[in-house]
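Have a look at the structure below, then the notes.
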Amino acid sequence: MWVFLNDRFVRKEEAVVSVFDHGFLYGDGVYETLRSYGSRIFMRDQHLARLRRSAEAIGLDIPIPESQWPELLHEAMYRNGIGNAQADAYLRITVSRGTGEIGLDPSLCPRATVVIMAKTLHPTPSALSRDGVALTVAKTRRNLPEALSPQIKSTNFLNNILAKRESIAAGTFDSLFLNWKDELTECTISNLFFICGGTLHTPALDCGILDGITRTIVMTLAQEEGLPVQEGHYHLADLQRAEECFLTNTSMEIMPVSRVDSLAIGDGRPGPLTRRLQTRFADSRTRFLEPAS
Ligand code: PLP
């Protein structure tokens, strides 16, 4: 496996970062995960724009010219023999504050550390997208946006990891976060949608969630399907009334939810509108891929 580290591709064994890296010491950094379908990266420019916004939000200079990213991402796939007809790719870009003396001051680190990893993206087990997944409502609350905005895709992921530990302990697929006002937000790596009375609902960005790229696409596709879409402030009681529920993210696309704690969603099986959106997503996907090279 080849990994891009700072200015060149190195073998996995040589892809080592200093113990003085502030990403390691303080979780001071940002990241993005992308995927390809074959050789074409899904919503590439939107992911790169979000990386830039996350970096700007923490005052981090990324020492790679914008124009170089597409080439680097493709080289990461090519060197690892993926991103082709045989294997879709999962790509992760990590940019940390870099190496510097111990201390919180970012100016201790003269240059950010940049890493690109690429591995085969294994499709979600079909049983999960067929039957839906179970969620646990986490006791851990989503970060208060004024404390650490969920809009920043930060390498400081402990909030999500604490919630993930809860779902692992409960034996469920993932945890659903509430915010400090008991409102529904998102899961540890995905956005939440539910359908009630024929309307597609999703928590508004100001509930304290990541502005998911798949979330935006699903809202667009739903509108194209003639399904009303509403962003709002919702509670667990709203999920109790929901007929259908699903999660979205870049690598798993649309994942139906069949149960939240002891509550069965609808009849406990993925519903017709979720299926319709899954099909629509699969049929429209090429619109959201970078041009074929
Ligand atoms: N919410 C969180 C906390 C995430 O980490 C992610 C993806 O990593 C998402 C939502 C979904 O975002 P996207 O659709 O851009 O992959």
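Simple scheme: letters A, B, ... for chains in structure tokens order, numbers from 1 for residues in each chain, numbers from 1 for ligands in the order shown.
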
Go through chain A and flag each residue having an atom no more than 10 Å from ligand 1; for those, report the closest pair of atoms plus their distance in Å to one decimal, using only C-alpha atoms and all ligand atoms, ordered by chain and rising number, as a Markdown table.
```
| residue | atom | partner | partner_atom_place_in_ligand_line | distance |
| --- | --- | --- | --- | --- |
| A:Tyr31 | CA | ligand 1 | 8 (O) | 9.2 |
| A:Glu32 | CA | ligand 1 | 8 (O) | 7.3 |
| A:Thr33 | CA | ligand 1 | 8 (O) | 6.4 |
| A:Leu34 | CA | ligand 1 | 16 (O) | 7.4 |
| A:Arg35 | CA | ligand 1 | 16 (O) | 9.1 |
| A:Met43 | CA | ligand 1 | 15 (O) | 9.0 |
| A:Gln46 | CA | ligand 1 | 15 (O) | 8.7 |
| A:His47 | CA | ligand 1 | 15 (O) | 7.2 |
| A:Arg50 | CA | ligand 1 | 15 (O) | 8.7 |
| A:Arg142 | CA | ligand 1 | 3 (C) | 9.2 |
| A:Pro150 | CA | ligand 1 | 3 (C) | 6.8 |
| A:Gln151 | CA | ligand 1 | 3 (C) | 8.5 |
| A:Ile152 | CA | ligand 1 | 3 (C) | 9.4 |
| A:Lys153 | CA | ligand 1 | 5 (O) | 7.0 |
| A:Ser154 | CA | ligand 1 | 5 (O) | 9.1 |
| A:Phe157 | CA | ligand 1 | 5 (O) | 8.9 |
| A:Asn159 | CA | ligand 1 | 3 (C) | 9.5 |
| A:Asn160 | CA | ligand 1 | 3 (C) | 7.2 |
| A:Phe177 | CA | ligand 1 | 3 (C) | 9.6 |
| A:Thr185 | CA | ligand 1 | 1 (N) | 9.0 |
| A:Glu186 | CA | ligand 1 | 1 (N) | 6.0 |
| A:Cys187 | CA | ligand 1 | 3 (C) | 6.2 |
| A:Thr188 | CA | ligand 1 | 3 (C) | 4.9 |
| A:Ile189 | CA | ligand 1 | 4 (C) | 3.5 |
| A:Ser190 | CA | ligand 1 | 10 (C) | 3.5 |
| A:Asn191 | CA | ligand 1 | 10 (C) | 4.5 |
| A:Leu192 | CA | ligand 1 | 10 (C) | 8.2 |
| A:Gly208 | CA | ligand 1 | 3 (C) | 9.8 |
| A:Ile209 | CA | ligand 1 | 1 (N) | 6.4 |
| A:Leu210 | CA | ligand 1 | 1 (N) | 4.8 |
| A:Asp211 | CA | ligand 1 | 12 (O) | 6.7 |
| A:Gly212 | CA | ligand 1 | 12 (O) | 3.6 |
| A:Ile213 | CA | ligand 1 | 15 (O) | 3.7 |
| A:Thr214 | CA | ligand 1 | 14 (O) | 3.7 |
| A:Arg215 | CA | ligand 1 | 14 (O) | 5.5 |
| A:Thr216 | CA | ligand 1 | 14 (O) | 7.8 |
| A:Ile217 | CA | ligand 1 | 14 (O) | 8.5 |
| A:Val218 | CA | ligand 1 | 14 (O) | 9.4 |
| A:Leu247 | CA | ligand 1 | 11 (C) | 8.6 |
| A:Thr248 | CA | ligand 1 | 14 (O) | 5.9 |
| A:Asn249 | CA | ligand 1 | 14 (O) | 3.6 |
| A:Thr250 | CA | ligand 1 | 16 (O) | 3.7 |
| A:Ser251 | CA | ligand 1 | 16 (O) | 6.7 |
| A:Met252 | CA | ligand 1 | 16 (O) | 8.5 |
| A:Glu253 | CA | ligand 1 | 14 (O) | 7.6 |
| A:Ile254 | CA | ligand 1 | 14 (O) | 9.6 |
```

Save the residues we just selected, N, CA and C atoms, as a CSV table (one decimal), in the first residue's frame?
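File again-v7.csv, as written:
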```csv
chain,number,residue,atom,x,y,z
A,31,TYR,N,-10.0,16.6,8.2
A,31,TYR,CA,-9.9,15.5,7.2
A,31,TYR,C,-11.1,15.5,6.3
A,32,GLU,N,-11.0,14.7,5.3
A,32,GLU,CA,-12.1,14.4,4.4
A,32,GLU,C,-12.1,13.0,4.0
A,33,THR,N,-13.2,12.3,3.8
A,33,THR,CA,-13.2,11.0,3.2
A,33,THR,C,-14.0,11.1,1.9
A,34,LEU,N,-13.4,10.6,0.9
A,34,LEU,CA,-14.1,10.6,-0.4
A,34,LEU,C,-14.2,9.1,-0.9
A,35,ARG,N,-14.9,9.0,-2.0
A,35,ARG,CA,-14.9,7.6,-2.6
A,35,ARG,C,-15.0,7.8,-4.1
A,43,MET,N,-18.4,13.6,-6.2
A,43,MET,CA,-18.4,15.0,-5.6
A,43,MET,C,-17.1,15.5,-5.1
A,46,GLN,N,-16.6,19.2,-4.2
A,46,GLN,CA,-17.4,19.6,-3.0
A,46,GLN,C,-16.6,19.1,-1.8
A,47,HIS,N,-16.0,17.9,-1.9
A,47,HIS,CA,-15.2,17.4,-0.7
A,47,HIS,C,-14.0,18.3,-0.5
A,50,ARG,N,-15.0,21.5,1.1
A,50,ARG,CA,-15.3,21.3,2.5
A,50,ARG,C,-14.0,21.2,3.3
A,142,ARG,N,-24.3,15.6,21.0
A,142,ARG,CA,-23.4,16.1,19.9
A,142,ARG,C,-22.8,17.4,20.4
A,150,PRO,N,-19.7,21.0,14.6
A,150,PRO,CA,-19.7,19.8,13.8
A,150,PRO,C,-19.5,20.1,12.3
A,151,GLN,N,-19.6,21.3,11.9
A,151,GLN,CA,-19.3,21.7,10.5
A,151,GLN,C,-17.9,21.5,10.1
A,152,ILE,N,-17.0,21.6,11.2
A,152,ILE,CA,-15.6,21.4,10.9
A,152,ILE,C,-15.3,19.9,10.9
A,153,LYS,N,-14.8,19.3,9.9
A,153,LYS,CA,-14.5,17.9,9.9
A,153,LYS,C,-13.1,17.8,10.5
A,154,SER,N,-13.1,17.7,11.8
A,154,SER,CA,-11.9,17.8,12.6
A,154,SER,C,-11.4,16.4,13.0
A,157,PHE,N,-12.0,13.5,17.0
A,157,PHE,CA,-13.3,12.8,16.8
A,157,PHE,C,-13.8,12.1,18.0
A,159,ASN,N,-15.9,13.0,20.3
A,159,ASN,CA,-17.3,13.1,20.6
A,159,ASN,C,-18.0,11.9,19.8
A,160,ASN,N,-17.6,11.7,18.6
A,160,ASN,CA,-18.2,10.6,17.8
A,160,ASN,C,-17.8,9.3,18.3
A,177,PHE,N,-27.2,10.9,17.7
A,177,PHE,CA,-26.9,11.9,18.7
A,177,PHE,C,-28.1,12.9,18.9
A,185,THR,N,-30.0,15.1,15.8
A,185,THR,CA,-29.0,15.7,15.0
A,185,THR,C,-28.5,14.7,13.9
A,186,GLU,N,-27.6,13.8,14.2
A,186,GLU,CA,-27.0,13.0,13.2
A,186,GLU,C,-26.4,11.8,13.8
A,187,CYS,N,-25.9,10.8,13.1
A,187,CYS,CA,-25.1,9.7,13.7
A,187,CYS,C,-23.7,10.0,13.6
A,188,THR,N,-22.8,9.0,14.0
A,188,THR,CA,-21.4,9.3,14.2
A,188,THR,C,-20.7,9.6,12.9
A,189,ILE,N,-21.2,9.1,11.8
A,189,ILE,CA,-20.5,9.4,10.5
A,189,ILE,C,-21.6,9.6,9.4
A,190,SER,N,-22.8,9.9,9.8
A,190,SER,CA,-23.9,10.0,8.7
A,190,SER,C,-24.9,11.0,9.2
A,191,ASN,N,-25.7,11.5,8.2
A,191,ASN,CA,-26.8,12.4,8.4
A,191,ASN,C,-28.1,11.5,8.5
A,192,LEU,N,-29.1,12.1,9.2
A,192,LEU,CA,-30.4,11.5,9.5
A,192,LEU,C,-31.5,12.0,8.6
A,208,GLY,N,-26.7,21.5,14.7
A,208,GLY,CA,-25.3,21.2,15.1
A,208,GLY,C,-24.9,19.9,14.4
A,209,ILE,N,-24.9,19.9,13.0
A,209,ILE,CA,-24.6,18.7,12.3
A,209,ILE,C,-23.6,19.1,11.2
A,210,LEU,N,-23.0,18.0,10.6
A,210,LEU,CA,-22.1,18.3,9.4
A,210,LEU,C,-23.0,18.5,8.2
A,211,ASP,N,-22.6,19.4,7.4
A,211,ASP,CA,-23.4,19.7,6.2
A,211,ASP,C,-23.0,18.6,5.2
A,212,GLY,N,-23.6,17.4,5.3
A,212,GLY,CA,-23.2,16.3,4.5
A,212,GLY,C,-23.5,16.5,3.0
A,213,ILE,N,-22.5,16.0,2.3
A,213,ILE,CA,-22.6,16.2,0.8
A,213,ILE,C,-23.7,15.2,0.2
A,214,THR,N,-23.8,14.0,0.8
A,214,THR,CA,-24.8,13.1,0.4
A,214,THR,C,-26.2,13.6,0.8
A,215,ARG,N,-26.3,14.3,2.0
A,215,ARG,CA,-27.5,14.9,2.5
A,215,ARG,C,-28.1,15.9,1.4
A,216,THR,N,-27.2,16.7,0.9
A,216,THR,CA,-27.6,17.7,-0.1
A,216,THR,C,-28.1,17.0,-1.3
A,217,ILE,N,-27.4,16.0,-1.8
A,217,ILE,CA,-27.8,15.3,-3.0
A,217,ILE,C,-29.2,14.7,-2.8
A,218,VAL,N,-29.4,14.0,-1.6
A,218,VAL,CA,-30.7,13.3,-1.3
A,218,VAL,C,-31.8,14.3,-1.3
A,247,LEU,N,-30.2,6.8,6.8
A,247,LEU,CA,-29.0,7.6,7.1
A,247,LEU,C,-28.3,7.8,5.7
A,248,THR,N,-27.5,8.9,5.6
A,248,THR,CA,-26.7,9.1,4.4
A,248,THR,C,-25.3,9.4,4.7
A,249,ASN,N,-24.4,8.8,3.9
A,249,ASN,CA,-23.0,9.3,3.9
A,249,ASN,C,-22.4,8.9,2.6
A,250,THR,N,-21.2,9.4,2.3
A,250,THR,CA,-20.5,9.2,1.0
A,250,THR,C,-20.3,7.8,0.7
A,251,SER,N,-19.8,7.0,1.7
A,251,SER,CA,-19.4,5.6,1.4
A,251,SER,C,-20.6,4.7,1.4
A,252,MET,N,-21.6,4.9,2.3
A,252,MET,CA,-22.7,3.9,2.3
A,252,MET,C,-24.0,4.4,1.6
A,253,GLU,N,-24.0,5.6,1.0
A,253,GLU,CA,-25.1,6.2,0.3
A,253,GLU,C,-26.3,6.3,1.2
A,254,ILE,N,-27.4,5.5,0.9
A,254,ILE,CA,-28.6,5.6,1.7
A,254,ILE,C,-28.8,4.3,2.4
```

Sort by chain and increasing residue number a table of all residues of stretch 96-202 of chain A within 12 Å of stretch 6-27 of chain A, each with its closest pair of atoms and their distance in Å to one decimal, counting only C-alpha atoms, and write it as a Markdown table.
```
| residue | atom | partner | partner_atom | distance |
| --- | --- | --- | --- | --- |
| A:Ser96 | CA | A:Gly23 | CA | 4.9 |
| A:Arg97 | CA | A:His22 | CA | 5.6 |
| A:Gly98 | CA | A:Asp21 | CA | 4.9 |
| A:Thr99 | CA | A:Asp21 | CA | 3.9 |
| A:Gly100 | CA | A:Phe20 | CA | 5.8 |
| A:Glu101 | CA | A:Phe20 | CA | 6.6 |
| A:Ile102 | CA | A:Phe20 | CA | 6.9 |
| A:Gly103 | CA | A:His22 | CA | 8.6 |
| A:Leu104 | CA | A:Tyr26 | CA | 7.8 |
| A:Asp105 | CA | A:His22 | CA | 9.7 |
| A:Pro106 | CA | A:His22 | CA | 8.2 |
| A:Ser107 | CA | A:His22 | CA | 10.8 |
| A:Leu108 | CA | A:His22 | CA | 9.2 |
| A:Cys109 | CA | A:His22 | CA | 7.8 |
| A:Pro110 | CA | A:Asp21 | CA | 10.9 |
| A:Arg111 | CA | A:Asn6 | CA | 9.4 |
| A:Ala112 | CA | A:Asn6 | CA | 8.2 |
| A:Thr113 | CA | A:Asn6 | CA | 5.8 |
| A:Val114 | CA | A:Asn6 | CA | 4.8 |
| A:Val115 | CA | A:Asn6 | CA | 6.3 |
| A:Ile116 | CA | A:Asn6 | CA | 8.9 |
| A:Met117 | CA | A:Lys12 | CA | 9.2 |
| A:Ala118 | CA | A:Lys12 | CA | 10.8 |
| A:Lys119 | CA | A:Lys12 | CA | 11.5 |
| A:Lys153 | CA | A:Gly27 | CA | 11.4 |
| A:Ser154 | CA | A:Gly27 | CA | 7.7 |
| A:Thr155 | CA | A:Gly27 | CA | 5.4 |
| A:Asn156 | CA | A:Gly27 | CA | 4.4 |
| A:Phe157 | CA | A:Gly27 | CA | 7.8 |
| A:Leu158 | CA | A:Gly27 | CA | 9.1 |
| A:Asn159 | CA | A:Gly27 | CA | 11.8 |
```

Subject >> Distance criterion (only C-alpha atoms): nearest to A:Asp28 out of A:Ile41, A:Cys207, A:Leu148, A:Leu72 >> reply: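 When distances to A:Asp28 are compared using only C-alpha atoms, the smallest one comes from A:Leu148.
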
**OP:** Check stretch 10-207 of chain A with DSSP on the backbone and list each residue it calls alpha helix (DSSP H), as a ChimeraX atom specification.
**Re:** /A:22-26,44-57,69-79,126-131,158-170

**OP:** Work out how far apart atom CA of A:Leu144 and atom CA of A:Ala204 are and give it in Å to one decimal.
**Re:**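 About the pair atom CA of A:Leu144 and atom CA of A:Ala204: they are 14.4 Å apart.
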